[in-house]
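**Q** Compact mmCIF, C-alpha atoms and all ligand atoms, saved as work-v6.txt, coming up:
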# COMPACT_ATOMS: atom_id res chain seq x y z
CA MET A 1 108.80 107.15 83.72
CA ILE A 2 106.93 103.86 83.75
CA ASP A 3 110.01 102.12 85.19
CA THR A 4 110.10 104.37 88.20
CA LEU A 5 106.43 103.81 89.08
CA ASP A 6 105.94 102.25 92.44
CA ARG A 7 103.55 99.32 91.72
CA ARG A 8 101.97 97.13 94.38
CA HIS A 9 100.34 93.81 93.67
CA LEU A 10 97.49 93.05 96.06
CA ALA A 11 95.84 89.68 96.62
CA GLU A 12 92.05 89.53 97.07
CA CYS A 13 91.08 91.00 100.48
CA GLU A 14 94.62 92.28 101.12
CA ILE A 15 94.67 95.50 103.14
CA LEU A 16 96.20 98.47 101.29
CA PHE A 17 96.12 100.75 104.34
CA GLN A 18 94.39 100.82 107.72
CA LYS A 19 92.46 103.53 109.48
CA GLY A 20 95.00 105.39 111.67
CA ASP A 21 98.00 104.64 109.42
CA ALA A 22 100.14 107.63 108.44
CA GLY A 23 98.89 108.94 105.08
CA ASP A 24 101.51 110.27 102.72
CA SER A 25 100.41 108.85 99.39
CA ALA A 26 97.40 108.07 97.23
CA PHE A 27 97.03 104.99 95.02
CA LEU A 28 95.99 104.86 91.41
CA ILE A 29 94.22 101.60 90.59
CA GLU A 30 95.78 100.13 87.49
CA THR A 31 93.77 96.87 87.47
CA GLY A 32 91.20 95.38 89.82
CA GLY A 33 89.28 97.26 92.50
CA VAL A 34 89.43 98.42 96.10
CA GLU A 35 86.80 99.02 98.77
CA ILE A 36 86.98 101.68 101.45
CA LEU A 37 85.45 100.72 104.76
CA ASP A 38 84.97 101.89 108.30
CA PRO A 39 86.68 99.08 110.22
CA ASP A 40 84.74 99.85 113.43
CA SER A 41 81.27 99.37 111.96
CA GLY A 42 82.33 97.27 108.98
CA GLN A 43 80.33 99.65 106.76
CA VAL A 44 81.55 99.93 103.15
CA LEU A 45 81.95 103.62 102.31
CA ALA A 46 82.92 103.30 98.64
CA ARG A 47 84.11 100.89 95.97
CA VAL A 48 86.55 102.16 93.40
CA GLY A 49 87.84 100.55 90.25
CA GLN A 50 90.37 100.84 87.48
CA GLY A 51 91.64 104.35 86.76
CA GLU A 52 90.38 105.76 90.06
CA LEU A 53 92.32 107.05 93.07
CA VAL A 54 92.25 105.76 96.64
CA GLY A 55 93.49 107.71 99.67
CA GLU A 56 93.85 110.93 97.66
CA ILE A 57 93.14 113.14 100.68
CA ALA A 58 96.70 112.34 101.79
CA LEU A 59 97.82 114.48 98.87
CA ILE A 60 96.59 117.66 100.56
CA ASP A 61 96.97 117.11 104.30
CA ARG A 62 99.10 115.22 106.76
CA ASN A 63 96.39 113.55 108.84
CA PRO A 64 96.30 109.80 109.52
CA ARG A 65 94.09 107.62 107.28
CA THR A 66 90.44 107.86 108.30
CA ALA A 67 89.30 104.59 106.74
CA THR A 68 90.65 101.24 105.67
CA ALA A 69 91.22 100.22 102.05
CA ARG A 70 91.05 96.56 101.02
CA ALA A 71 91.43 94.86 97.63
CA LEU A 72 88.17 93.47 96.24
CA GLU A 73 90.08 91.10 93.98
CA ALA A 74 93.67 90.61 92.84
CA SER A 75 94.66 94.18 91.96
CA VAL A 76 97.59 96.35 90.93
CA VAL A 77 97.93 99.88 92.33
CA ILE A 78 100.47 102.60 91.63
CA GLU A 79 101.64 104.71 94.53
CA VAL A 80 101.40 108.49 94.06
CA ARG A 81 103.50 110.11 96.79
CA ARG A 82 102.58 113.44 98.28
CA ASP A 83 106.13 114.83 98.15
CA VAL A 84 106.35 114.04 94.41
CA MET A 85 102.91 115.58 93.75
CA GLU A 86 103.86 118.70 95.71
CA GLN A 87 106.98 119.02 93.61
CA LEU A 88 104.97 118.67 90.38
CA LEU A 89 102.33 121.12 91.53
CA VAL A 90 104.92 123.82 92.17
CA ASN A 91 105.21 124.18 88.41
CA THR A 92 101.49 123.98 87.71
CA ASP A 93 99.19 126.83 86.85
CA PRO A 94 98.07 128.49 90.13
CA ILE A 95 94.43 128.28 89.02
CA ILE A 96 94.62 124.50 88.61
CA ARG A 97 96.45 124.10 91.92
CA HIS A 98 93.92 126.20 93.77
CA LEU A 99 90.96 124.39 92.23
CA LEU A 100 92.50 121.06 93.20
CA ASN A 101 92.87 122.17 96.80
CA VAL A 102 89.29 123.45 96.93
CA VAL A 103 87.84 120.28 95.43
CA LEU A 104 89.85 117.93 97.63
CA ARG A 105 88.94 119.97 100.69
CA ARG A 106 85.24 119.87 99.86
CA PHE A 107 85.46 116.16 99.21
CA ARG A 108 87.13 115.63 102.56
CA ASN A 109 84.47 117.65 104.39
CA ASN A 110 81.68 115.68 102.73
CA MET A 111 83.30 112.37 103.48
CA GLU A 112 84.00 113.13 107.09
CA PRO A 113 81.36 115.37 108.62
CA THR A 114 82.40 114.28 112.11
CA LEU A 115 85.82 115.80 111.64
CA LEU A 116 84.26 119.24 111.14
CA SER A 117 83.27 119.30 114.78
CA GLN A 118 86.87 118.53 115.79
CA PRO A 119 88.81 121.31 114.11
CA ASP A 120 92.04 120.34 115.86
CA ARG A 121 91.99 117.08 113.96
CA LEU A 122 91.28 118.77 110.65
CA LYS A 123 94.69 120.14 109.78
CA LEU A 124 93.83 121.37 106.32
CA PRO A 125 95.85 124.18 104.75
CA ASP A 126 94.17 127.52 105.40
CA LEU A 127 92.94 128.52 101.96
CA ALA A 128 92.17 132.10 102.92
CA ALA A 129 95.76 132.71 104.06
CA ASP A 130 97.25 130.89 101.10
CA PRO A 131 98.99 133.30 98.68
CA LEU A 132 98.14 130.77 95.99
CA GLN A 133 94.48 131.70 96.34
CA GLN A 134 95.30 135.33 95.62
CA THR A 135 97.50 134.48 92.65
CA ALA A 136 94.76 132.24 91.26
CA ALA A 137 92.06 134.87 91.81
CA GLN A 138 94.25 137.52 90.18
CA LYS A 139 94.92 135.34 87.17
CA ILE A 140 91.24 134.46 86.73
CA ALA A 141 90.39 138.19 86.91
CA GLN A 142 93.05 139.03 84.31
CA LEU A 143 91.85 136.30 82.00
CA GLN A 144 88.25 137.46 82.26
CA ASP A 145 89.39 141.03 81.66
CA LEU A 146 91.35 139.98 78.58
CA SER A 147 88.58 137.83 77.23
CA PHE A 148 86.17 140.76 77.65
CA ALA A 149 88.68 142.98 75.82
CA VAL A 150 88.51 140.61 72.84
CA LYS A 151 84.70 140.81 72.75
CA ALA A 152 84.61 144.56 73.36
CA ASN A 153 87.33 145.20 70.80
CA GLN A 154 89.62 147.12 73.13
CA PHE A 155 92.78 146.62 71.07
CA VAL A 156 94.47 149.20 68.90
CA LEU A 157 97.36 149.04 66.49
CA HIS A 158 100.31 151.37 66.41
CA TYR A 159 102.52 151.44 63.34
CA GLN A 160 106.28 151.89 63.41
CA PRO A 161 107.99 153.09 60.22
CA ILE A 162 110.70 151.02 58.50
CA HIS A 163 113.10 152.90 56.23
CA LEU A 164 115.52 151.95 53.47
CA LEU A 165 118.95 152.64 54.95
CA GLU A 166 120.67 153.52 51.67
CA ASP A 167 118.58 156.64 50.97
CA GLY A 168 116.25 156.98 53.98
CA ARG A 169 113.03 156.44 52.01
CA LEU A 170 110.00 155.11 53.94
CA ALA A 171 109.47 151.50 52.87
CA GLY A 172 106.82 150.18 55.23
CA PHE A 173 105.50 149.72 58.76
CA GLU A 174 105.36 147.13 61.51
CA ALA A 175 101.97 146.76 63.20
CA LEU A 176 102.27 146.56 67.02
CA VAL A 177 99.26 145.81 69.17
CA ARG A 178 98.23 147.68 72.35
CA TRP A 179 95.34 147.13 74.74
CA ARG A 180 93.31 150.25 75.42
CA HIS A 181 92.21 149.26 78.91
CA PRO A 182 89.28 151.25 80.35
CA VAL A 183 91.03 151.67 83.72
CA LEU A 184 94.73 151.05 83.12
CA GLY A 185 95.03 153.06 79.91
CA LEU A 186 97.26 151.88 77.08
CA VAL A 187 98.77 148.50 78.05
CA PRO A 188 101.94 147.43 76.16
CA PRO A 189 101.91 144.06 74.38
CA LEU A 190 104.45 142.33 76.59
CA SER A 191 102.13 142.86 79.59
CA PHE A 192 99.24 140.90 78.13
CA LEU A 193 100.52 138.75 75.23
CA PRO A 194 101.95 135.99 77.46
CA LEU A 195 98.51 135.47 79.06
CA ALA A 196 96.84 135.75 75.65
CA GLU A 197 99.15 133.01 74.37
CA GLU A 198 98.73 130.78 77.39
CA SER A 199 94.93 131.01 77.22
CA GLY A 200 94.69 130.76 73.43
CA LEU A 201 93.01 134.20 73.18
CA ILE A 202 95.95 135.21 70.96
CA ARG A 203 94.32 133.35 68.06
CA GLU A 204 91.42 135.78 68.00
CA ILE A 205 93.59 138.80 68.82
CA GLY A 206 96.11 137.80 66.14
CA LEU A 207 93.47 137.52 63.43
CA TRP A 208 92.06 140.89 64.46
CA VAL A 209 95.57 142.41 64.18
CA LEU A 210 95.95 140.95 60.71
CA GLN A 211 92.57 142.27 59.63
CA ARG A 212 93.06 145.79 61.07
CA ALA A 213 96.56 146.06 59.57
CA SER A 214 95.42 144.79 56.15
CA GLU A 215 92.58 147.31 56.11
CA ASP A 216 94.78 150.20 57.28
CA TRP A 217 97.42 149.34 54.70
CA LYS A 218 95.51 151.10 51.93
CA THR A 219 96.07 154.41 53.78
CA LEU A 220 99.54 153.64 55.17
CA ARG A 221 100.78 152.66 51.74
CA THR A 222 100.24 156.22 50.49
CA LEU A 223 102.93 157.39 52.94
CA THR A 224 105.62 155.06 51.54
CA SER A 225 107.94 155.92 48.68
CA THR A 226 109.74 152.75 47.58
CA PRO A 227 108.84 150.38 44.71
CA HIS A 228 108.22 147.46 47.11
CA PRO A 229 106.37 148.78 50.15
CA PHE A 230 105.22 146.36 52.87
CA ILE A 231 103.33 146.02 56.13
CA SER A 232 104.67 143.65 58.78
CA VAL A 233 102.46 141.73 61.20
CA ASN A 234 103.67 139.63 64.15
CA VAL A 235 102.35 136.09 64.45
CA SER A 236 102.81 134.09 67.64
CA ALA A 237 103.74 130.44 68.18
CA VAL A 238 100.23 129.57 69.35
CA GLN A 239 98.67 130.86 66.13
CA LEU A 240 101.02 128.67 64.09
CA ARG A 241 99.87 125.59 65.99
CA ASP A 242 96.45 126.01 64.39
CA GLY A 243 96.29 124.06 61.13
CA LEU A 244 93.67 126.51 59.78
CA PHE A 245 95.69 129.65 60.42
CA ALA A 246 96.92 130.08 56.84
CA ASP A 247 93.39 129.70 55.43
CA ALA A 248 91.99 132.30 57.83
CA ALA A 249 94.89 134.66 57.10
CA MET A 250 94.35 134.38 53.33
CA GLU A 251 90.60 135.03 53.65
CA ILE A 252 91.24 138.16 55.70
CA GLN A 253 93.73 139.51 53.17
CA LYS A 254 91.39 138.86 50.24
CA ALA A 255 88.50 140.59 52.01
CA ALA A 256 90.69 143.60 52.84
CA GLY A 257 91.99 143.78 49.27
CA ILE A 258 95.67 143.87 50.27
CA ALA A 259 98.21 142.67 47.69
CA ALA A 260 99.65 139.44 49.14
CA ASN A 261 103.23 140.40 48.28
CA GLU A 262 102.92 143.53 50.44
CA LEU A 263 102.23 141.59 53.64
CA LYS A 264 105.15 140.33 55.71
CA ILE A 265 104.65 137.85 58.53
CA GLU A 266 107.11 138.19 61.43
CA LEU A 267 107.93 135.06 63.42
CA THR A 268 110.36 134.41 66.24
CA GLU A 269 112.80 131.51 66.43
CA THR A 270 110.98 129.75 69.25
CA SER A 271 107.60 129.93 67.55
CA LEU A 272 108.97 127.89 64.67
CA ILE A 273 110.83 125.28 66.65
CA GLN A 274 107.80 124.56 68.85
CA ASN A 275 105.53 123.63 65.96
CA GLN A 276 107.85 122.54 63.23
CA LEU A 277 105.62 120.44 60.97
CA ILE A 278 102.41 122.44 61.18
CA ALA A 279 104.33 125.72 61.01
CA GLN A 280 106.25 124.60 57.94
CA TYR A 281 103.03 123.73 56.12
CA GLN A 282 101.21 126.92 57.16
CA LEU A 283 104.14 129.05 56.05
CA GLN A 284 104.41 127.20 52.77
CA LEU A 285 100.74 127.99 52.05
CA LEU A 286 101.22 131.65 52.88
CA THR A 287 104.42 131.90 50.84
CA GLU A 288 102.67 130.34 47.83
CA PHE A 289 99.87 132.84 48.34
CA GLY A 290 102.49 135.60 47.99
CA ASN A 291 103.22 136.71 51.56
CA SER A 292 106.81 137.13 52.68
CA ILE A 293 108.14 135.74 55.93
CA ALA A 294 110.54 137.49 58.31
CA LEU A 295 112.56 135.88 61.09
CA ASP A 296 112.22 138.29 64.03
CA ASP A 297 114.65 138.94 66.91
CA PHE A 298 117.34 136.95 65.11
CA GLY A 299 120.08 135.80 67.48
CA THR A 300 118.04 135.87 70.68
CA GLY A 301 116.78 132.26 70.56
CA PHE A 302 118.65 129.02 70.25
CA SER A 303 117.61 127.95 66.83
CA GLY A 304 118.19 130.74 64.35
CA MET A 305 120.48 128.69 62.12
CA GLU A 306 118.29 125.60 62.26
CA ASN A 307 115.29 127.69 61.21
CA LEU A 308 117.24 129.17 58.33
CA GLN A 309 117.69 125.64 56.98
CA ASN A 310 114.07 124.60 57.40
CA TYR A 311 112.16 127.62 56.19
CA ARG A 312 112.28 130.01 53.31
CA PHE A 313 112.66 133.49 54.80
CA HIS A 314 112.61 136.71 52.83
CA THR A 315 113.79 138.92 55.65
CA LEU A 316 115.88 138.61 58.78
CA LYS A 317 115.46 141.11 61.61
CA LEU A 318 118.54 141.74 63.75
CA ASP A 319 117.53 142.15 67.35
CA GLN A 320 117.98 145.50 69.07
CA GLN A 321 120.23 144.02 71.76
CA PHE A 322 123.02 143.61 69.19
CA ILE A 323 122.28 146.82 67.28
CA ARG A 324 122.25 149.00 70.40
CA ASN A 325 125.86 148.12 71.20
CA ILE A 326 127.59 148.04 67.84
CA LEU A 327 129.46 151.30 68.48
CA ASN A 328 130.78 150.42 71.93
CA SER A 329 131.16 146.65 71.85
CA SER A 330 133.41 145.01 69.29
CA LEU A 331 131.69 141.72 70.03
CA SER A 332 128.24 143.11 69.06
CA PHE A 333 129.83 144.73 66.04
CA GLN A 334 131.38 141.42 64.90
CA ILE A 335 128.10 139.54 65.45
CA VAL A 336 126.18 142.09 63.35
CA LEU A 337 128.90 142.18 60.69
CA SER A 338 129.02 138.40 60.25
CA THR A 339 125.22 138.07 60.35
CA LEU A 340 124.90 140.67 57.61
CA ASN A 341 127.53 138.87 55.52
CA MET A 342 125.57 135.65 55.88
CA ILE A 343 122.31 137.41 54.99
CA ARG A 344 123.89 138.82 51.84
CA ALA A 345 125.08 135.35 50.82
CA LEU A 346 121.51 134.06 51.28
CA HIS A 347 120.14 136.91 49.10
CA ILE A 348 117.56 137.97 51.65
CA ASP A 349 116.69 141.36 53.16
CA SER A 350 117.75 142.55 56.58
CA VAL A 351 116.18 144.94 59.08
CA GLY A 352 118.19 146.50 61.90
CA GLU A 353 115.88 147.00 64.90
CA GLY A 354 116.08 149.54 67.70
CA ILE A 355 118.09 152.17 65.81
CA GLU A 356 118.14 155.28 67.98
CA THR A 357 121.05 157.33 66.57
CA PRO A 358 122.17 158.47 63.08
CA GLU A 359 125.64 156.96 63.77
CA ILE A 360 124.21 153.47 64.20
CA ALA A 361 122.06 153.91 61.08
CA ARG A 362 125.15 154.93 59.10
CA VAL A 363 127.29 152.01 60.31
CA LEU A 364 124.51 149.54 59.52
CA GLN A 365 124.09 150.99 56.06
CA GLU A 366 127.83 150.69 55.45
CA LEU A 367 127.68 147.05 56.55
CA GLY A 368 125.00 146.43 53.94
CA CYS A 369 121.85 146.24 56.10
CA THR A 370 118.79 146.85 53.92
CA TYR A 371 116.25 148.47 56.26
CA GLY A 372 116.27 150.32 59.56
CA GLN A 373 113.62 150.55 62.27
CA GLY A 374 113.80 152.42 65.57
CA TYR A 375 113.09 155.64 67.44
CA LEU A 376 115.48 157.52 65.12
CA PHE A 377 112.95 157.08 62.32
CA GLY A 378 109.85 157.09 64.48
CA LYS A 379 108.13 155.46 67.44
CA PRO A 380 105.09 153.24 66.89
CA MET A 381 102.11 155.56 66.38
CA PRO A 382 98.37 155.32 65.67
CA LEU A 383 97.34 155.69 62.05
CA ASP A 384 95.77 159.14 62.44
CA ALA A 385 98.92 160.52 64.15
CA LEU A 386 101.02 159.27 61.22
CA LEU A 387 98.73 161.01 58.76
CA ILE A 388 98.87 164.33 60.64
CA LYS A 389 102.67 164.08 60.89
CA ASP A 390 102.89 163.61 57.17
P1 LIG B 401 109.10 143.22 68.33
O1 LIG B 401 108.35 142.50 67.28
O2 LIG B 401 110.57 142.96 68.39
O3 LIG B 401 108.78 144.75 68.12
C1 LIG B 401 109.70 145.76 68.32
C2 LIG B 401 109.59 146.35 69.70
O4 LIG B 401 110.68 147.22 69.92
C3 LIG B 401 108.34 147.20 69.89
O5 LIG B 401 107.94 147.10 71.25
C4 LIG B 401 108.86 148.60 69.60
O6 LIG B 401 108.09 149.61 70.19
C5 LIG B 401 110.23 148.52 70.22
N1 LIG B 401 111.15 149.46 69.57
C6 LIG B 401 111.18 149.83 68.30
N2 LIG B 401 112.18 150.70 68.06
C7 LIG B 401 112.82 150.88 69.23
C8 LIG B 401 113.95 151.67 69.64
O7 LIG B 401 114.55 152.39 68.86
N3 LIG B 401 114.32 151.59 70.93
C9 LIG B 401 113.67 150.81 71.83
N4 LIG B 401 114.09 150.79 73.07
N5 LIG B 401 112.59 150.05 71.49
C10 LIG B 401 112.16 150.09 70.20
P2 LIG B 401 106.42 146.83 71.63
O8 LIG B 401 105.50 147.56 70.72
O9 LIG B 401 106.30 147.03 73.10
O10 LIG B 401 106.25 145.29 71.28
C11 LIG B 401 106.93 144.34 72.03
C12 LIG B 401 106.78 142.96 71.41
O11 LIG B 401 105.43 142.51 71.48
C13 LIG B 401 107.10 142.91 69.92
O12 LIG B 401 108.50 142.87 69.77
C14 LIG B 401 106.41 141.65 69.51
O13 LIG B 401 107.21 140.52 69.82
C15 LIG B 401 105.20 141.64 70.40
N6 LIG B 401 104.03 142.10 69.64
C16 LIG B 401 103.61 143.35 69.39
N7 LIG B 401 102.48 143.34 68.66
C17 LIG B 401 102.18 142.03 68.41
C18 LIG B 401 101.12 141.35 67.72
O14 LIG B 401 100.21 141.96 67.13
N8 LIG B 401 101.14 139.99 67.72
C19 LIG B 401 102.12 139.30 68.36
N9 LIG B 401 102.08 137.94 68.32
N10 LIG B 401 103.14 139.90 69.01
C20 LIG B 401 103.17 141.25 69.03
CA CA B 402 108.32 142.02 65.24
CA CA B 403 111.95 142.24 66.88
Transcribe the structure of this file into structure tokens.
**A**
Amino acid sequence: MIDTLDRRHLAECEILFQKGDAGDSAFLIETGGVEILDPDSGQVLARVGQGELVGEIALIDRNPRTATARALEASVVIEVRRDVMEQLLVNTDPIIRHLLNVVLRRFRNNMEPTLLSQPDRLKLPDLAADPLQQTAAQKIAQLQDLSFAVKANQFVLHYQPIHLLEDGRLAGFEALVRWRHPVLGLVPPLSFLPLAEESGLIREIGLWVLQRASEDWKTLRTLTSTPHPFISVNVSAVQLRDGLFADAAMEIQKAAGIAANELKIELTETSLIQNQLIAQYQLQLLTEFGNSIALDDFGTGFSGMENLQNYRFHTLKLDQQFIRNILNSSLSFQIVLSTLNMIRALHIDSVGEGIETPEIARVLQELGCTYGQGYLFGKPMPLDALLIKD
């Protein structure tokens, strides 16, 4: 990137731009300093130095320069073009973009009070009509709502049964989080987890999930009927980025009194690739502690095989998109068949996800898949509903 930077070397007193010039870029001062002046009165309006920006108003509007900028000494500036900034900002968080517009606009109004009385000269974007403002406001509201939900403990866990395919016995459960929203009702995880991950709130939510599931396990375990029952908990990429995650997870399990070898941590392919070194260490700690690790949604990311080389997994979960089609697509069937052959060679367990019919369960069992999960066996349900059902 450095090579493509547009650098300008200014001699002392050299003019960078003049009042009235077209403004389509700002300048970042790399070394030296620049003064901004009103050329009519000769009054110095500001002096800016290394690391600061000059002419930044050009980044939000298309008005001519309203002052002159002149080098105080021999200086180097880097040009920041408006078209490039606009391109970059397209991909930026709407909240950040909106804040930037508001701040620059306020700055411009303070700098140039005379312009306020000449609205035709002040061609600023109309913030009120800008859809960006609404997107930003909406996102801020959602974030505040979600952060309140964490404090007010508005989350609940539903548990979905996982059965041994060979004889149908109940082997364990996967814990799946829901948000019990006071107005919207029960909100599914995919509607709020992306924002929770982006904002970091997932760390707190994730630890709560682990704690609730570990505490509920005592009761859930009584419903199972295999020698090695387990409870599965999903852990997101953001949680694995935290070097203290494993410690916190172990403390929670000890406090809840859950046997470490009965807790399975489910991770997706992308979560591992994004944080390879930290994730590897965190997972090593948890494996040594006794937890087992499952690779979730296998086949949907780009790095399933790479992950299999780098981590020690105990379970591989075949994604529902392959399972759903094994009876009517020979391609899906072949993918599932060869994945199960590989899993057998690795001596690890497999879970077929999204099983909705007895035919699919039977085919998977014949192909050697260890466990099955899906609406055929049961939808995710709250703990008390599972107890009544039993
Ligand atoms: P997942 O881990 O792949 O969980 C399985 C999802 O498939 C669940 O959706 C479940 O309700 C759904 N499912 C199970 N069986 C069937 C079936 O037979 N047919 C169909 N059509 N769907 C089935 P849910 O509960 O909406 O969760 C969606 C995703 O949200 C989960 O996918 C998981 O990635 C994430 N998630 C849920 N809870 C947590 C959590 O506590 N922490 C984190 N980090 N992620 C979570
Ligand atoms: Ca999962
Ligand atoms: Ca899954």
**Q** List the residues sitting within 12 Å of (121.0, 140.5, 50.0) in the file's frame, using all atoms listed in the file, as a VMD selection string.
**A** chain A and resid 313 to 316 339 to 351 367 to 371
**Q** Using atom CA of A:His9 and atom CA of A:Val48 as the two end points, give the distance in Å to one decimal.
**A**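 Going from atom CA of A:His9 over to atom CA of A:Val48 covers 16.1 Å.
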**Q** Quote the spacing between atom CA of A:Glu166 and atom CA of A:Gln365 in Å to one decimal place.
**A**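 Between atom CA of A:Glu166 and atom CA of A:Gln365 the gap is 6.1 Å.
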**Q** List as number ranges by chain the protein and nucleic acid residues near A:Tyr375, meaning an atom at most 10 Å away when all atoms listed in the file are counted, but skip any in the same chain fewer than 5 places from it.
**A** A: 160-161, 353-357, 380
**Q** Quick check, in Å to one decimal: how far apart do atom CA of A:Ser199 and atom CA of A:Ile96 lie?
**A** 13.1 Å
**Q** Kindly extract all protein, DNA and RNA residues lying within 8 Å of the coordinates (102.8, 136.2, 49.4) given in the file, considering all atoms listed in the file, and supply them as a list in words.
**A** Ala260, Asn261, Glu262, Leu263, Lys264, Leu286, Thr287, Glu288, Phe289, Gly290, Asn291 and Ser292 of chain A
**Q** Ranking A:Ile78, A:Leu176, A:Ile95, A:Leu318 by minimum distance to A:Lys139 and counting only C-alpha atoms, which one comes first?
**A**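 Ranking A:Ile78, A:Leu176, A:Ile95, A:Leu318 by distance to A:Lys139, first place goes to A:Ile95.
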**Q** What box, with edges along x, y and z, holds each listed atom of stretch 190-205 of chain A when 8 Å is added on every side, and can you state its centre and edge lengths in Å to one decimal, as AutoDock Vina command-line options?
**A**
--center_x 97.9 --center_y 136.8 --center_z 73.8 --size_x 29.0 --size_y 28.1 --size_z 27.6
**Q** Let me have all residues with an atom within 7 Å of ligand CA 403 (chain B), counting all atoms listed in the file, laid out as number ranges by chain.
**A** A: 296-297, 317, 319, 353
**Q** At a cut-off of 8 Å and counting all atoms listed in the file, what residues surround ligand LIG 401 (chain B)? Please answer as a JSON list (two decimals) with C-alpha atoms, in the coordinates of the input.
**A**
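File written: out13.json
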[["chain", "number", "residue", "atom", "x", "y", "z"],
["A", 157, "LEU", "CA", 97.36, 149.04, 66.49],
["A", 158, "HIS", "CA", 100.31, 151.37, 66.41],
["A", 160, "GLN", "CA", 106.28, 151.89, 63.41],
["A", 174, "GLU", "CA", 105.36, 147.13, 61.51],
["A", 175, "ALA", "CA", 101.97, 146.76, 63.20],
["A", 176, "LEU", "CA", 102.27, 146.56, 67.02],
["A", 177, "VAL", "CA", 99.26, 145.81, 69.17],
["A", 178, "ARG", "CA", 98.23, 147.68, 72.35],
["A", 188, "PRO", "CA", 101.94, 147.43, 76.16],
["A", 189, "PRO", "CA", 101.91, 144.06, 74.38],
["A", 190, "LEU", "CA", 104.45, 142.33, 76.59],
["A", 193, "LEU", "CA", 100.52, 138.75, 75.23],
["A", 202, "ILE", "CA", 95.95, 135.21, 70.96],
["A", 205, "ILE", "CA", 93.59, 138.80, 68.82],
["A", 206, "GLY", "CA", 96.11, 137.80, 66.14],
["A", 209, "VAL", "CA", 95.57, 142.41, 64.18],
["A", 210, "LEU", "CA", 95.95, 140.95, 60.71],
["A", 233, "VAL", "CA", 102.46, 141.73, 61.20],
["A", 234, "ASN", "CA", 103.67, 139.63, 64.15],
["A", 235, "VAL", "CA", 102.35, 136.09, 64.45],
["A", 236, "SER", "CA", 102.81, 134.09, 67.64],
["A", 237, "ALA", "CA", 103.74, 130.44, 68.18],
["A", 266, "GLU", "CA", 107.11, 138.19, 61.43],
["A", 268, "THR", "CA", 110.36, 134.41, 66.24],
["A", 296, "ASP", "CA", 112.22, 138.29, 64.03],
["A", 297, "ASP", "CA", 114.65, 138.94, 66.91],
["A", 319, "ASP", "CA", 117.53, 142.15, 67.35],
["A", 320, "GLN", "CA", 117.98, 145.50, 69.07],
["A", 353, "GLU", "CA", 115.88, 147.00, 64.90],
["A", 354, "GLY", "CA", 116.08, 149.54, 67.70],
["A", 355, "ILE", "CA", 118.09, 152.17, 65.81],
["A", 356, "GLU", "CA", 118.14, 155.28, 67.98],
["A", 373, "GLN", "CA", 113.62, 150.55, 62.27],
["A", 374, "GLY", "CA", 113.80, 152.42, 65.57],
["A", 375, "TYR", "CA", 113.09, 155.64, 67.44],
["A", 376, "LEU", "CA", 115.48, 157.52, 65.12],
["A", 378, "GLY", "CA", 109.85, 157.09, 64.48],
["A", 379, "LYS", "CA", 108.13, 155.46, 67.44],
["A", 380, "PRO", "CA", 105.09, 153.24, 66.89]]
**Q** Using all atoms listed in the file, find the one residue out of A:Ala74, A:Ala259, A:Ile60, A:Ala136 that sits nearest to A:Arg106.
**A**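 Answer, going by the shortest atom-to-atom distance: A:Ile60.
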**Q** Which is closest to ligand CA 402 (chain B) among A:Tyr159, A:Ala249, A:Arg221, A:Gly185, if we use only C-alpha atoms and all ligand atoms?
**A**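 Distance minimum relative to ligand CA 402 (chain B) lands on A:Tyr159.
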**Q** Which is closest to A:Gly257 among A:Asp242, A:Glu359, A:Asp216, A:Glu366, if we use all atoms listed in the file?
**A** A:Asp216
**Q** Pick from A:Gly352, A:Glu73, A:Tyr311, A:Gln154: nearest to ligand CA 402 (chain B), with all atoms listed in the file counted?
**A** A:Gly352
